[in-house]
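Student: My questions will all concern the structure given below.
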Amino acid sequence: MNADGRRTEDPLELLSAPAEWDLPPGRHLHHKDILMQQIDHDLGHAPAGAPAPAPAPRRRLTRPAILVPLASTVLAGALAVTLAGTGVGHGPAPADRAATGSARAHSASVTLNRIAVAAMASDITPVRDDQFVYVRSLTVSNKGTFEGPVKLGAPHTEEIWTSQDPRPLKTLGWMRESGKDAVMPGETIPIESTDAVPAGIDHPTYRWLSSLPTDPDALLTLLRRDVRLSDGESKEQAVFSLIGDLLSGTLMPPRNTAALYKAAAKIPGVKEIPDAVDVASRHGIAITREDATSATRDEWIFDKSSLAFLGARGFITHDKQKGITSDTLMGSTAVLRRAVVDRHGEKSAGADS
């Protein structure tokens, strides 16, 4: 209520999402960008003269998500990464670019299958229905105005507790951020849905994930059937980003993790980058996919030795409104810890990633 007794919109309501769960992945950066600026506006934090952003589509709201400012050298490296065709007047000839792209696609397929083999060797304790999966990440996000240029904020920590209860739920989990540029720092906020959501693609519990096909072709068919599209993105990009969300924000049996990597290897347009840096300044090998229709590029980063998942980055490849003409980092995440806990707010069990 305000001073006149009228009800004002609660910023926490903006953290509600209907039948979707937004964990750190790549294709929801745009929606999180809008969401965070809307919250700032409602809390009176909007820059003077800044227009109120359009209401964000109700998308999933977790984290993967990807978002924190990198050190200048890391940021420079991130902004320097461009895919063939995004630059103008520079780079190899078309035939050379095609050959290079083909080699990178083959390399990505080989690497993803190597990562799948490594995933099979991991030791994951099954998660009970009454427990929570806890993920702590270091994130960076766009703090610029909705219509202005990208301006990365300060590093902050994001913690997510995902409920494993397979019943239809309206409270799918809890989140808490801390540090400069965190949203409502120190507050544990419920991640809610307008409608009750059963275990499934929008409420990915350990039990549901363990029921998915382990044949990569069958798994890819299921994901293509059930994935939701946003912002004009292609079906293939939506599936790639969904796989990234599941890999970065959940825990599942090794055989299902391996199947997701093998399924990703079959998605057209997936390529490899020999060196990439996550927001925690950890170097690794990256798997990426650019989507021309949504002008975005998602990137997963893996440790070069263990092939363990480190984090992810999201880029806008072009946006006339924001003055973007080549790859521009919109957000990044580094997964620091995963654990299985008995209550939300708890983080003592498990081991660092």
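Chain lettering (A, B, ...) mirrors the order of the structure tokens, residue numbering begins at 1 for each chain separately, and ligand numbering begins at 1 in order of display.
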Please report, as a PyMOL selection string, each residue of range 102-316 of chain A to which DSSP assigns strand (DSSP E) when run on this structure's backbone.
Tutor: chain A and resi 132-141+156-163+169-178+188-197+270-277+283-291+296-302+309-316
Student: How would the residues just chosen look if you wrote them out with C-alpha atoms as a tab-separated table (two decimals), in the first residue's frame?
Tutor:
```tsv
chain	number	residue	atom	x	y	z
A	132	PHE	CA	16.64	-29.44	-2.74
A	133	VAL	CA	19.41	-29.05	-5.29
A	134	TYR	CA	21.60	-26.11	-4.27
A	135	VAL	CA	23.66	-24.22	-6.86
A	136	ARG	CA	25.89	-21.26	-6.04
A	137	SER	CA	27.18	-19.18	-8.93
A	138	LEU	CA	29.14	-16.02	-9.59
A	139	THR	CA	27.22	-13.93	-12.09
A	140	VAL	CA	27.38	-10.74	-14.12
A	141	SER	CA	24.46	-9.01	-15.82
A	156	HIS	CA	27.69	-10.85	-7.27
A	157	THR	CA	26.80	-14.26	-5.93
A	158	GLU	CA	23.57	-16.03	-6.79
A	159	GLU	CA	22.24	-19.01	-4.82
A	160	ILE	CA	19.39	-21.21	-6.05
A	161	TRP	CA	17.53	-23.95	-4.17
A	162	THR	CA	15.45	-26.06	-6.57
A	163	SER	CA	12.65	-28.14	-5.07
A	169	LEU	CA	4.09	-26.72	-7.26
A	170	LYS	CA	3.65	-22.98	-7.35
A	171	THR	CA	6.88	-22.39	-5.41
A	172	LEU	CA	9.49	-24.11	-7.57
A	173	GLY	CA	12.48	-22.98	-5.55
A	174	TRP	CA	14.21	-20.10	-3.81
A	175	MET	CA	16.94	-17.66	-4.76
A	176	ARG	CA	19.24	-15.29	-2.91
A	177	GLU	CA	21.79	-12.80	-4.25
A	178	SER	CA	24.58	-10.99	-2.43
A	188	THR	CA	15.72	-15.21	0.13
A	189	ILE	CA	13.06	-14.89	-2.55
A	190	PRO	CA	10.61	-17.59	-3.66
A	191	ILE	CA	10.62	-18.49	-7.34
A	192	GLU	CA	6.95	-18.86	-8.00
A	193	SER	CA	4.57	-19.80	-10.78
A	194	THR	CA	1.09	-18.51	-11.44
A	195	ASP	CA	-0.07	-22.09	-11.98
A	196	ALA	CA	1.04	-25.25	-10.21
A	197	VAL	CA	3.78	-26.93	-12.25
A	270	VAL	CA	27.22	-26.21	-32.68
A	271	LYS	CA	30.92	-25.22	-32.73
A	272	GLU	CA	34.00	-25.27	-30.54
A	273	ILE	CA	36.13	-22.38	-29.25
A	274	PRO	CA	39.63	-23.44	-28.08
A	275	ASP	CA	39.83	-20.95	-25.23
A	276	ALA	CA	37.16	-19.08	-23.26
A	277	VAL	CA	37.05	-17.52	-19.79
A	283	HIS	CA	40.02	-20.70	-18.72
A	284	GLY	CA	38.41	-23.59	-20.54
A	285	ILE	CA	37.27	-24.98	-23.85
A	286	ALA	CA	33.90	-23.71	-25.06
A	287	ILE	CA	30.98	-25.15	-26.99
A	288	THR	CA	28.88	-22.48	-28.67
A	289	ARG	CA	25.95	-21.94	-30.99
A	290	GLU	CA	24.88	-18.74	-32.73
A	291	ASP	CA	21.27	-18.13	-33.71
A	296	THR	CA	22.12	-14.35	-29.86
A	297	ARG	CA	24.97	-16.72	-29.12
A	298	ASP	CA	25.20	-19.10	-26.16
A	299	GLU	CA	28.45	-20.58	-24.89
A	300	TRP	CA	29.24	-23.38	-22.42
A	301	ILE	CA	32.72	-23.50	-20.87
A	302	PHE	CA	34.45	-26.69	-19.68
A	309	PHE	CA	31.23	-27.85	-16.64
A	310	LEU	CA	32.55	-24.46	-15.45
A	311	GLY	CA	30.03	-21.89	-16.57
A	312	ALA	CA	28.34	-20.14	-19.46
A	313	ARG	CA	28.22	-16.86	-21.34
A	314	GLY	CA	25.53	-15.19	-23.40
A	315	PHE	CA	26.07	-12.73	-26.23
A	316	ILE	CA	23.99	-10.47	-28.44
```
Student: Counting only C-alpha atoms, which residues of range 190-303 of chain A sit at most 7 Å from some atom of range 324-348 of chain A, and what is each one's closest atom pair with its distance in Å to one decimal, listed by chain and rising residue number, as a Markdown table?
Tutor:
```
| residue | atom | partner | partner_atom | distance |
| --- | --- | --- | --- | --- |
| A:Asp278 | CA | A:Ala334 | CA | 5.8 |
| A:Val279 | CA | A:Ala334 | CA | 5.6 |
| A:Ala280 | CA | A:Ala334 | CA | 5.9 |
```
Student: Would you mind exporting all heavy atoms of the selected residues as a short mmCIF file (atom, residue, chain, number, x, y, z; two decimals), in the first residue's frame?
Tutor:
```cif
data_model
loop_
_atom_site.label_atom_id
_atom_site.label_comp_id
_atom_site.auth_asym_id
_atom_site.auth_seq_id
_atom_site.Cartn_x
_atom_site.Cartn_y
_atom_site.Cartn_z
N ASP A 278 35.43 -17.95 -18.02
CA ASP A 278 34.18 -17.69 -17.32
C ASP A 278 34.35 -16.50 -16.38
O ASP A 278 35.44 -15.92 -16.27
CB ASP A 278 33.68 -18.93 -16.58
CG ASP A 278 34.51 -19.31 -15.36
OD1 ASP A 278 35.40 -18.53 -14.96
OD2 ASP A 278 34.27 -20.41 -14.80
N VAL A 279 33.29 -16.13 -15.70
CA VAL A 279 33.32 -14.92 -14.88
C VAL A 279 34.24 -15.05 -13.68
O VAL A 279 34.65 -14.06 -13.08
CB VAL A 279 31.89 -14.55 -14.45
CG1 VAL A 279 31.35 -15.54 -13.46
CG2 VAL A 279 31.83 -13.13 -13.88
N ALA A 280 34.60 -16.28 -13.31
CA ALA A 280 35.54 -16.51 -12.22
C ALA A 280 36.98 -16.55 -12.72
O ALA A 280 37.88 -16.98 -12.00
CB ALA A 280 35.21 -17.80 -11.49
#
```
Student: From the options A:Arg225, A:Met252, A:Ser109, A:Glu187, which residue's atoms come nearest to Leu209 in chain A, counting only C-alpha atoms?
Tutor: A:Met252
Student: Select, from A:Leu229, A:Leu212, A:Asp165, A:Leu223, the residue with the minimum atom-to-atom distance to Ala199 in chain A, counting only C-alpha atoms.
Tutor: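 Ranked by minimum distance to Ala199 in chain A, first place goes to A:Asp165.
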Student: Find the residues around Tyr261 in chain A up to 7 Å (only C-alpha atoms counted), leave out those fewer than 4 positions away in its own chain, and share them as a PyMOL selection string.
Tutor: chain A and resi 112-113+116+257+265
Student: I'd like the interatomic distance between CA of Thr317 in chain A and CA of Ala295 in chain A, to a tenth of an Å.
Tutor: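 For CA of Thr317 in chain A relative to CA of Ala295 in chain A, the distance reads 5.1 Å.
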Student: When you draw a straight line from CA of Thr221 in chain A to CA of Ala264 in chain A, how long is it in Å?
Tutor: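 These two atoms are separated by 11.6 Å.
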